[in-house]
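Input: a single structure, listed below in structure tokens.
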Amino acid sequence: MVFRFQTKIVKCFVVFLSILFIYLIFENSNIIPRQPELKTEQIIIKARKRNSLRLSNLENVCKRYNLGRYWVSSKPTVFKEPPAPQYEIFFYDLKHKLSWCPIYKAGTSTWLYNLALLGGSSETQIANSKKQINDVVRDILPSLESDDAKRALEHSLKFLIVRHPFERILSAYRDKLENVAVRGIDGTHHFYQSFGSKIVAKYRTGGNNTNSRLILKPGQYIWNEEKEPIGVEPTFREFVKHLIDTDLRTRADDHWIPYYLFCTPCMVKYDIVGQLETMMEDQLFVIHEANLQDKIKPRWRHKTNPFSNDRVTGVSDLAKVYFSQLSQSDVSKLFEKYRLDFELFGYDEKPYYKYASS
């Protein structure tokens with residue numbers, strides 16, 4: 001009896017110590033570091049080093065081509081930039097000292113959502129709004145006049161998000177031009193009238209009287225079986241030919257204009273250069289640097305699946321399909337149109353030649 005009683009006392013004491021130990025852990029985080037915080041700190045350190053390399057490369061390329069803030073009148077300039085930054089396209093959050101240049105088809109949905117939350121909108125209000133998220137945020141953060149914009153840029157954290165130029169071009173095509181029936185008057189129908197019908201008329205034998213199904217081969221596209229394109233839309237190759245032949249300084253839509261023409265990274269001294277390929281880590285880094293940890297959190301609010309890209313080459317599954325419509329000559333000419341973007345942000349065009357025809 002005495003032995004059993006002593007055993008019970010020991011068990012109770014062990015349980016008590018266990019409960020006390022757990023309590024102390026939660027009460028005093030200094031005893032055992034919490035793993036999520038440790039992981040976040042590691043991500044921030046990694047993102048800061050990566051951002052430093054990106055900014056260094058950006059500066060070196062701008063200097064090499066005599067652009068923006070590094071322009072010297074006595075040296076030649078290969079690329080022509082806008083005369084000044086496009087201040088009106090930025091979103092300036094003066095309260096949180098944040099300035100963002102939105103590159104469409106490169107994570108804009110996520111950061112528009114973040115800025116809407118920072119501006120006081122609730123998730124319910126955003127979800128129930130009849131306006132597009134871009135218009136919601138523009139109502140909250142209107143464009144600034146040049147002098148006010150310059151001051152805002154000087155006293156804020158400036159950042160932009162880019163992605164592989166070829167992947168962005170393909171995303172813009174599929175979202176805006178591949179299927180005229182997907183959206184209403186403000187969506188793909190508008191892009192068909194402004195670009196699609198004209199591209200088909202110029203680059204397709206038979207023009208708008210020829211159905212794209214007669215041109216494309218199985219395995220060269222991925223369509224939604226429930227809502228396939230009507231057939232009047234341009235193919236990806238026709239769109240690429242349009243980009244190759246067009247002066248993108250004057251006739252490019254915001255969804256496929258080169259980065260150096262839109263956000264002028266050689267003119268504006270950005271603090272952070274994020275990339276869609278490392279979106280979650282870069283987003284966490286921006287939030288940390290802007291001290292917004294208690295206001296917003298990293299999220300993923302766009303269609304791109306970051307895990308569908310080839311781990312070695314970075315080429316997406318979609319690009320492998322659609323680049324089969326192109327010749328290697330097409331790929332080479334398209335690269336030349338966006339060469340500066342590739343060099344500024346350290347992207348490689350070579351893996352894409354593999355999927356084009358020789």
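Labeling convention for the structure tokens: chains A, B, ... as they appear, residues from 1 per chain, ligands from 1 in order of appearance.
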Point to revise | Long-range neighbours of stretch 256-264 of chain A as a count of residues only, 9 Å cut-off, only C-alpha atoms, 4 positions minimum in chain | key: 33
Practice item. For A:Glu349, work out the shell of residues within 10 Å, counting only C-alpha atoms and skipping chain neighbours fewer than 4 positions away, then give it as a ChimeraX atom specification. Key: /A:164-166,313,315,331-332,334-335,339,342,353
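Minimum atom-to-atom distances from A:Glu178, A:Glu123, A:Glu225, A:Asp93 to A:Ser143 were compared using only C-alpha atoms, and the lowest value belongs to A:Asp93.
Across stretch 124-255 of chain A, DSSP run on the backbone finds strand (DSSP E) at Leu157, Lys158, Phe159, Leu160, Ile161 and Val162 of chain A.
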Written file, previous selection with N, CA, C and O atoms, as a PDB file, in the first residue's frame:
```pdb
ATOM      1  N   LEU A 157       9.526  54.218 -48.326  1.00  0.00           N
ATOM      2  CA  LEU A 157      10.143  52.977 -48.795  1.00  0.00           C
ATOM      3  C   LEU A 157       9.628  52.700 -50.199  1.00  0.00           C
ATOM      4  O   LEU A 157       8.431  52.521 -50.399  1.00  0.00           O
ATOM      5  N   LYS A 158      10.510  52.674 -51.168  1.00  0.00           N
ATOM      6  CA  LYS A 158      10.117  52.526 -52.579  1.00  0.00           C
ATOM      7  C   LYS A 158      10.392  51.095 -53.030  1.00  0.00           C
ATOM      8  O   LYS A 158      11.512  50.600 -52.867  1.00  0.00           O
ATOM      9  N   PHE A 159       9.388  50.469 -53.625  1.00  0.00           N
ATOM     10  CA  PHE A 159       9.595  49.092 -54.071  1.00  0.00           C
ATOM     11  C   PHE A 159       8.785  48.788 -55.322  1.00  0.00           C
ATOM     12  O   PHE A 159       7.841  49.489 -55.666  1.00  0.00           O
ATOM     13  N   LEU A 160       9.207  47.745 -56.027  1.00  0.00           N
ATOM     14  CA  LEU A 160       8.475  47.224 -57.173  1.00  0.00           C
ATOM     15  C   LEU A 160       8.667  45.715 -57.198  1.00  0.00           C
ATOM     16  O   LEU A 160       9.589  45.182 -56.587  1.00  0.00           O
ATOM     17  N   ILE A 161       7.773  45.028 -57.897  1.00  0.00           N
ATOM     18  CA  ILE A 161       7.831  43.572 -58.039  1.00  0.00           C
ATOM     19  C   ILE A 161       7.908  43.263 -59.533  1.00  0.00           C
ATOM     20  O   ILE A 161       7.090  43.750 -60.315  1.00  0.00           O
ATOM     21  N   VAL A 162       8.876  42.451 -59.937  1.00  0.00           N
ATOM     22  CA  VAL A 162       9.005  42.044 -61.336  1.00  0.00           C
ATOM     23  C   VAL A 162       8.873  40.522 -61.429  1.00  0.00           C
ATOM     24  O   VAL A 162       8.791  39.840 -60.412  1.00  0.00           O
TER      25      VAL A 162
END
```
Point to revise | DSSP-assigned helix (DSSP H, G or I) among stretch 201-345 of chain A, expressed as a ChimeraX atom specification | key: /A:201-203,207-209,212-214,236-245,259-262,276-289,317-325,328-337,339-345
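With only C-alpha atoms as the basis for measurement, A:Ala181 is the residue among A:Ile126, A:Met280, A:Leu112, A:Ala181 that approaches A:Val232 most closely.
Proximity to A:Pro265 was assessed for A:Ser324, A:Leu58, A:Asp294, A:Ser156 counting only C-alpha atoms; the smallest distance is recorded for A:Leu58.
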**Study point:** Contacts of A:Tyr203 within 10 Å, only C-alpha atoms, excl. fewer than 3 positions in-chain, as an MDAnalysis selection string
**Key:** chainID A and resid 198:200 206:208 234:235 237:239 241:242
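Between atom CA of A:Thr108 and atom CA of A:Phe79 the interatomic distance comes to 26.3 Å.
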